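Reproduced below: model-v6.txt, with compact mmCIF, C-alpha atoms and all ligand atoms.
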# COMPACT_ATOMS: atom_id res chain seq x y z
CA MET A 547 177.22 58.90 104.93
CA ALA A 548 173.79 60.30 105.71
CA PRO A 549 172.69 63.20 103.57
CA HIS A 550 172.80 66.55 105.22
CA VAL A 551 169.14 66.76 106.25
CA PRO A 552 168.42 69.19 109.06
CA ASP A 553 166.27 67.89 111.88
CA PRO A 554 163.41 70.07 113.13
CA GLU A 555 165.42 71.07 116.20
CA GLU A 556 167.83 72.91 113.95
CA SER A 557 165.06 74.84 112.26
CA ALA A 558 164.22 76.87 115.36
CA PRO A 559 163.64 80.44 114.24
CA GLY A 560 166.24 83.12 114.64
CA PRO A 561 169.83 83.58 113.56
CA GLU A 562 171.19 81.75 116.59
CA ALA A 563 173.86 79.24 115.72
CA VAL A 564 173.23 75.72 116.97
CA ALA A 565 176.13 74.39 119.00
CA ILE A 566 177.41 70.96 118.01
CA ASP A 567 180.47 69.00 119.01
CA VAL A 568 182.22 69.36 115.69
CA SER A 569 185.38 67.67 116.96
CA THR A 570 183.68 64.27 117.08
CA ALA A 571 180.74 64.53 114.69
CA PRO A 572 181.30 63.19 111.17
CA VAL A 573 181.69 65.77 108.42
CA PRO A 574 178.14 66.31 107.14
CA GLU A 575 177.71 65.82 103.45
CA SER A 576 176.63 68.76 101.34
CA PHE A 577 174.25 68.72 98.40
CA TYR A 578 175.62 69.51 94.99
CA CYS A 579 173.94 70.01 91.61
CA ARG A 580 174.32 67.07 89.21
CA ARG A 581 174.12 69.39 86.24
CA CYS A 582 176.72 72.08 87.00
CA ARG A 583 178.58 70.13 89.77
CA ARG A 584 178.41 73.14 92.08
CA ALA A 585 177.22 73.55 95.68
CA LEU A 586 173.56 73.95 96.63
CA ASN A 587 172.05 75.59 99.68
CA ILE A 588 168.85 74.32 101.22
CA ARG A 589 165.80 76.10 102.55
CA PHE A 590 163.28 74.41 104.77
CA ASN A 591 159.88 75.25 106.19
CA ASN A 592 158.89 75.60 109.82
CA LEU A 593 158.33 71.83 110.07
CA GLY A 594 161.97 71.23 109.19
CA MET A 595 161.17 69.84 105.74
CA ILE A 596 163.34 70.84 102.80
CA VAL A 597 161.25 73.03 100.53
CA GLU A 598 163.82 74.43 98.17
CA TYR A 599 167.32 73.96 96.84
CA LEU A 600 169.18 76.82 95.30
CA HIS A 601 172.65 77.23 93.90
CA ALA A 602 174.98 78.57 96.56
CA ALA A 603 176.21 81.11 94.03
CA GLU A 604 172.62 82.40 93.66
CA GLN A 605 172.51 82.88 97.40
CA ARG A 606 175.57 85.10 96.92
CA GLY A 607 173.74 87.12 94.25
CA GLN A 608 174.99 85.42 91.05
CA PRO A 609 172.42 84.37 88.43
CA SER A 610 171.81 80.75 87.42
CA ASP A 611 170.46 79.48 84.08
CA HIS A 612 169.06 76.15 85.27
CA ARG A 613 167.19 74.52 88.15
CA PRO A 614 169.24 72.68 90.77
CA GLU A 615 169.43 68.88 90.50
CA PRO A 616 170.44 67.93 94.05
CA ALA A 617 172.64 64.95 94.90
CA PRO A 618 175.01 64.22 97.79
CA LEU A 619 178.46 65.65 97.14
CA THR A 620 180.18 62.25 97.05
CA GLU A 621 177.92 61.16 94.16
CA ILE A 622 179.12 64.04 91.99
CA PRO A 623 182.09 63.18 89.75
CA ALA A 624 184.72 65.94 89.89
CA PRO A 625 182.65 68.49 91.85
CA ILE A 626 183.51 72.15 91.34
CA ILE A 627 184.11 73.39 94.86
CA GLU A 628 183.92 77.17 95.00
CA CYS A 629 184.90 79.37 97.89
CA ASP A 630 181.79 79.81 100.06
CA PHE A 631 183.00 83.28 100.93
CA CYS A 632 184.16 84.98 97.72
CA SER A 633 182.94 82.42 95.10
CA ALA A 634 186.44 81.94 93.65
CA PRO A 635 186.78 78.55 91.92
CA GLY A 636 189.11 75.96 93.36
CA ALA A 637 188.50 76.09 97.12
CA ALA A 638 191.53 74.78 99.02
CA TRP A 639 190.19 74.26 102.54
CA ILE A 640 187.05 73.26 104.42
CA TYR A 641 186.18 74.71 107.80
CA ARG A 642 183.48 73.53 110.14
CA CYS A 643 181.30 75.58 112.43
CA ALA A 644 177.83 75.37 113.93
CA ASN A 645 175.02 75.15 111.40
CA GLN A 646 173.64 78.61 110.97
CA VAL A 647 170.03 79.26 110.07
CA THR A 648 168.36 82.51 109.17
CA ASP A 649 164.65 83.15 108.74
CA ALA A 650 163.19 85.01 105.84
CA ARG A 651 159.74 86.51 106.11
CA ARG A 652 157.47 87.58 103.33
CA VAL A 653 155.14 90.54 103.38
CA THR A 654 151.47 89.47 103.40
CA ALA A 655 149.76 92.77 103.97
CA GLN A 656 150.58 96.39 104.32
CA VAL A 657 148.17 98.24 106.51
CA VAL A 658 147.52 101.94 106.11
CA ALA A 659 145.43 104.07 108.40
CA VAL A 660 142.05 105.09 106.90
CA GLY A 661 142.50 108.76 107.77
CA ASP A 662 145.92 108.83 106.14
CA TYR A 663 144.57 107.20 103.04
CA GLN A 664 141.63 109.59 102.65
CA SER A 665 143.78 112.66 102.97
CA ARG A 666 146.88 111.51 101.18
CA HIS A 667 145.79 108.63 98.95
CA HIS A 668 148.79 106.87 97.54
CA ALA A 669 151.17 108.80 99.70
CA ALA A 670 149.60 107.21 102.80
CA ARG A 671 152.16 105.81 105.12
CA VAL A 672 152.23 102.11 105.78
CA ARG A 673 151.21 101.75 109.45
CA ARG A 674 151.99 98.13 109.89
CA THR A 675 153.48 95.43 107.73
CA ASP A 676 152.23 91.88 108.31
CA THR A 677 154.61 89.10 107.47
CA GLU A 678 154.61 85.32 107.59
CA HIS A 679 157.41 82.80 107.81
CA ALA A 680 158.59 82.21 104.24
CA PHE A 681 161.52 79.85 104.64
CA THR A 682 164.53 79.12 106.79
CA GLN A 683 167.87 79.29 105.07
CA ALA A 684 170.41 76.74 106.25
CA TRP A 685 173.98 77.83 105.69
CA GLY A 686 175.38 74.46 106.66
CA GLU A 687 178.22 73.42 108.92
CA CYS A 688 180.91 73.32 106.26
CA TRP A 689 182.45 76.39 104.67
CA SER A 690 184.88 75.92 101.81
CA ALA A 691 187.52 78.61 101.42
CA CYS A 692 190.00 79.62 98.74
CA GLN A 693 193.56 80.23 99.91
CA GLY A 694 193.05 84.00 100.16
CA CYS A 695 189.91 83.74 102.31
CA ALA A 696 191.43 80.89 104.36
CA ASP A 697 194.37 83.15 105.26
CA LEU A 698 191.89 85.72 106.65
CA VAL A 699 189.97 83.01 108.53
CA GLU A 700 193.23 81.72 110.05
CA ALA A 701 194.04 85.29 111.14
CA ARG A 702 190.43 85.74 112.43
CA ASP A 703 190.41 88.94 110.37
CA LEU A 704 186.63 89.53 110.21
CA TYR A 705 186.79 92.93 108.54
CA GLY A 706 189.48 91.83 106.11
CA LEU A 707 187.25 88.93 105.07
CA ILE A 708 184.15 91.13 104.71
CA GLY A 709 186.14 93.59 102.58
CA ARG A 710 187.48 90.84 100.33
CA VAL A 711 184.02 89.29 99.84
CA VAL A 712 182.30 92.63 99.17
CA GLU A 713 184.71 93.19 96.27
CA SER A 714 183.65 89.87 94.74
CA LEU A 715 179.91 90.55 94.92
CA PRO A 716 177.77 91.76 92.00
CA ALA A 717 177.17 95.52 91.93
CA LYS A 718 173.47 95.16 92.76
CA LEU A 719 174.44 94.08 96.29
CA THR A 720 177.08 96.72 96.87
CA ARG A 721 175.71 99.78 95.06
CA GLY A 722 174.80 102.82 97.15
CA LYS A 723 172.63 102.03 100.14
CA HIS A 724 172.83 98.28 99.52
CA LEU A 725 176.44 98.25 100.66
CA MET A 726 175.66 98.90 104.34
CA ARG A 727 173.03 96.18 104.45
CA THR A 728 175.24 93.67 102.65
CA ARG A 729 178.18 94.38 104.96
CA GLY A 730 175.84 94.00 107.96
CA GLN A 731 174.60 90.62 106.74
CA LEU A 732 178.14 89.38 106.09
CA HIS A 733 179.20 90.64 109.52
CA ASP A 734 176.41 88.67 111.25
CA ARG A 735 177.06 85.51 109.26
CA TYR A 736 180.85 85.50 109.50
CA SER A 737 180.81 86.48 113.20
CA ASP A 738 178.87 83.28 113.88
CA VAL A 739 181.28 81.30 111.72
CA PHE A 740 184.28 82.66 113.65
CA HIS A 741 182.61 82.17 117.06
CA THR A 742 181.76 78.53 116.44
CA LEU A 743 184.74 77.51 114.31
CA ALA A 744 185.97 74.00 115.09
CA PRO A 745 189.69 73.39 115.52
CA GLY A 746 191.52 72.14 112.46
CA ARG A 747 190.55 72.30 108.80
CA GLY A 748 190.35 69.91 105.89
CA ARG A 749 192.51 70.23 102.81
CA ILE A 750 190.48 69.66 99.63
CA ALA A 751 192.28 67.31 97.25
CA PRO A 752 191.29 65.31 94.15
CA GLY A 753 189.08 62.43 95.36
CA HIS A 754 188.66 64.10 98.77
CA PRO A 755 185.86 66.64 98.30
CA LEU A 756 185.11 66.55 102.05
CA GLY A 757 188.73 67.40 102.81
CA ILE A 758 191.65 65.61 104.45
CA TRP A 759 191.41 66.68 108.07
CA THR A 760 194.41 67.55 110.17
ZN ZN B 801 173.43 73.48 88.79
ZN ZN B 802 187.53 83.03 98.77
What is this file in C-alpha cells?
Amino acid sequence: MAPHVPDPEESAPGPEAVAIDVSTAPVPESFYCRRCRRALNIRFNNLGMIVEYLHAAEQRGQPSDHRPEPAPLTEIPAPIIECDFCSAPGAAWIYRCANQVTDARRVTAQVVAVGDYQSRHHAARVRRTDTEHAFTQAWGECWSACQGCADLVEARDLYGLIGRVVESLPAKLTRGKHLMRTRGQLHDRYSDVFHTLAPGRGRIAPGHPLGIWT
C-alpha cells in the first residue's frame, strides 16, 4: 500500500476538509514511529512536501523524549494504537473522514507606530503583526477511537466528545483562558470529522492495525 503522502492539492491553505470518496478509496496507511510504535502526524510546507513528523501525542499536548522515526504502520511490529481523540491506549475502532488540514502561521514582525513608541516606549501597542506560512498540519483521514470515544462518535455527540477529550488533556491546555481556545479548536476539528464521516468503521484486531471493515 502506498504511504500516506499528501499531494499538493490537499495542501491548499485553510481548514476546509477535502472531500474524498471514502467508500471506495483504500484505507490510507498512517506513519508510525519505529522507536515507540506510536502514531505520528505529518506537517508539510506550501509545496506539499513533508517537512516534519511529530508524535500524535505531542500534537495533543503530551511531551515526547525522542525524535520520531517514521515508518508505514504495517512495517511496525505490534503497533501501539492510541485513541486519536482522548489518547487512551488500546484503540478499538478506526473511522474515516476527509483529510483535514490546518495552517499554522509564525510571527515574523510586530509593527508598532512610531508615535506610540516615543510616548509609551515598551507599552506601545502592536499595530500590525506580520506572519508567514509556517507549516500545514495534516490530521489524516483515519481516526482511531477507544470504545468510550467511539460510543460518542456513533451517537454524533459532539459536545460529549469534546468534554471527554478536554478531561484527558494536560492542564496547560485547559487552565484558565486556555480552556475556551482548546474547546474551540476541538469543536472545529471534530465538527469536520463528523460532517465528513464515512459509513462503517473498522475494528482494530491483532494483525489488523488498519481495522477489519464492516
Ligand atoms: Zn516515537
Ligand atoms: Zn478515546
(request) Just give me the gap between atom CA of Thr720 of chain A and atom CA of Thr648 of chain A in Å, one decimal is fine. (result)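 So the two atoms, atom CA of Thr720 of chain A and atom CA of Thr648 of chain A, lie 20.7 Å apart.
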(message) Please determine, counting only C-alpha atoms and all ligand atoms, which residue among A:Leu593, A:Cys579, A:Leu707, A:Ala644 has the shortest atom-to-atom distance to ligand ZN 802 (chain B).
(response) A:Leu707
(request) Select, from A:Cys582, A:Ala691, A:Met595, A:Ala603, the residue with the minimum atom-to-atom distance to ligand ZN 801 (chain B), counting all atoms listed in the file. (result) A:Cys582
(request) Tell me, in Å to one decimal, how far atom CA of Gln683 of chain A is from atom CA of Glu604 of chain A. (result) 12.7 Å
(request) Just give me the gap between atom CA of Leu619 of chain A and atom CA of Ala585 of chain A in Å, one decimal is fine. (result) 8.1 Å
(message) At a cut-off of 9 Å, using only C-alpha atoms, what residues contact segment 608-613 of chain A? Leave out same-chain residues fewer than 5 positions from it and give the result as a PyMOL selection string.
(response) chain A and resi 579+581-582+599-603+715-716
For the residues in the current selection, export C-alpha atoms as a PDB file, keeping the file's coordinate frame.
ATOM      1  CA  CYS A 579     173.940  70.010  91.610  1.00  0.00           C
ATOM      2  CA  ARG A 581     174.120  69.390  86.240  1.00  0.00           C
ATOM      3  CA  CYS A 582     176.720  72.080  87.000  1.00  0.00           C
ATOM      4  CA  TYR A 599     167.320  73.960  96.840  1.00  0.00           C
ATOM      5  CA  LEU A 600     169.180  76.820  95.300  1.00  0.00           C
ATOM      6  CA  HIS A 601     172.650  77.230  93.900  1.00  0.00           C
ATOM      7  CA  ALA A 602     174.980  78.570  96.560  1.00  0.00           C
ATOM      8  CA  ALA A 603     176.210  81.110  94.030  1.00  0.00           C
ATOM      9  CA  LEU A 715     179.910  90.550  94.920  1.00  0.00           C
ATOM     10  CA  PRO A 716     177.770  91.760  92.000  1.00  0.00           C
TER      11      PRO A 716
END
With a distance cut-off of 7 Å and all atoms listed in the file, select the neighbouring residues of segment 628-631 of chain A, excluding the residue or stretch itself and same-chain residues fewer than 5 positions from it, and output the selection as an mmCIF file with C-alpha atoms, keeping the file's coordinate frame.
data_model
loop_
_atom_site.group_PDB
_atom_site.id
_atom_site.type_symbol
_atom_site.label_atom_id
_atom_site.label_comp_id
_atom_site.auth_asym_id
_atom_site.auth_seq_id
_atom_site.Cartn_x
_atom_site.Cartn_y
_atom_site.Cartn_z
ATOM 1 C CA GLY A 636 189.110 75.960 93.360
ATOM 2 C CA ALA A 637 188.500 76.090 97.120
ATOM 3 C CA TRP A 689 182.450 76.390 104.670
ATOM 4 C CA SER A 690 184.880 75.920 101.810
ATOM 5 C CA ALA A 691 187.520 78.610 101.420
ATOM 6 C CA CYS A 692 190.000 79.620 98.740
ATOM 7 C CA VAL A 711 184.020 89.290 99.840
#
(message) Which residue is closest to Glu700 of chain A? Choose from A:Val712, A:Leu719, A:Ala744, A:Leu725 and count all atoms listed in the file.
(response)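 Once distances to Glu700 of chain A are computed over all atoms listed in the file, the minimum belongs to A:Ala744.
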(message) Show me, as a ChimeraX atom specification, the residues that have an atom within 7 Å of Gly686 of chain A when counting only C-alpha atoms, minus same-chain residues fewer than 2 positions from it.
(response) /A:645-646,684,688
Restricted to C-alpha atoms, what would the selected residues look like written as a compact mmCIF listing (two decimals), in the frame of the given file?
# COMPACT_ATOMS: atom_id res chain seq x y z
CA ASN A 645 175.02 75.15 111.40
CA GLN A 646 173.64 78.61 110.97
CA ALA A 684 170.41 76.74 106.25
CA CYS A 688 180.91 73.32 106.26
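Minimum atom-to-atom distances from A:Gly607, A:Gly709, A:Gly594, A:Pro625 to ligand ZN 801 (chain B) were compared using only C-alpha atoms and all ligand atoms, and the lowest value belongs to A:Pro625.
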(message) Under the rule that only C-alpha atoms and all ligand atoms are counted, which of A:Asn592, A:Thr682, A:Ser576, A:Gln693 is the nearest residue to ligand ZN 802 (chain B)?
(response)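 Answer, going by the shortest atom-to-atom distance: A:Gln693.
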(request) Rank nothing, just name the residue among A:Gly706, A:Pro745, A:Pro614, A:Pro752 nearest to ligand ZN 801 (chain B), using all atoms listed in the file. (result) A:Pro614
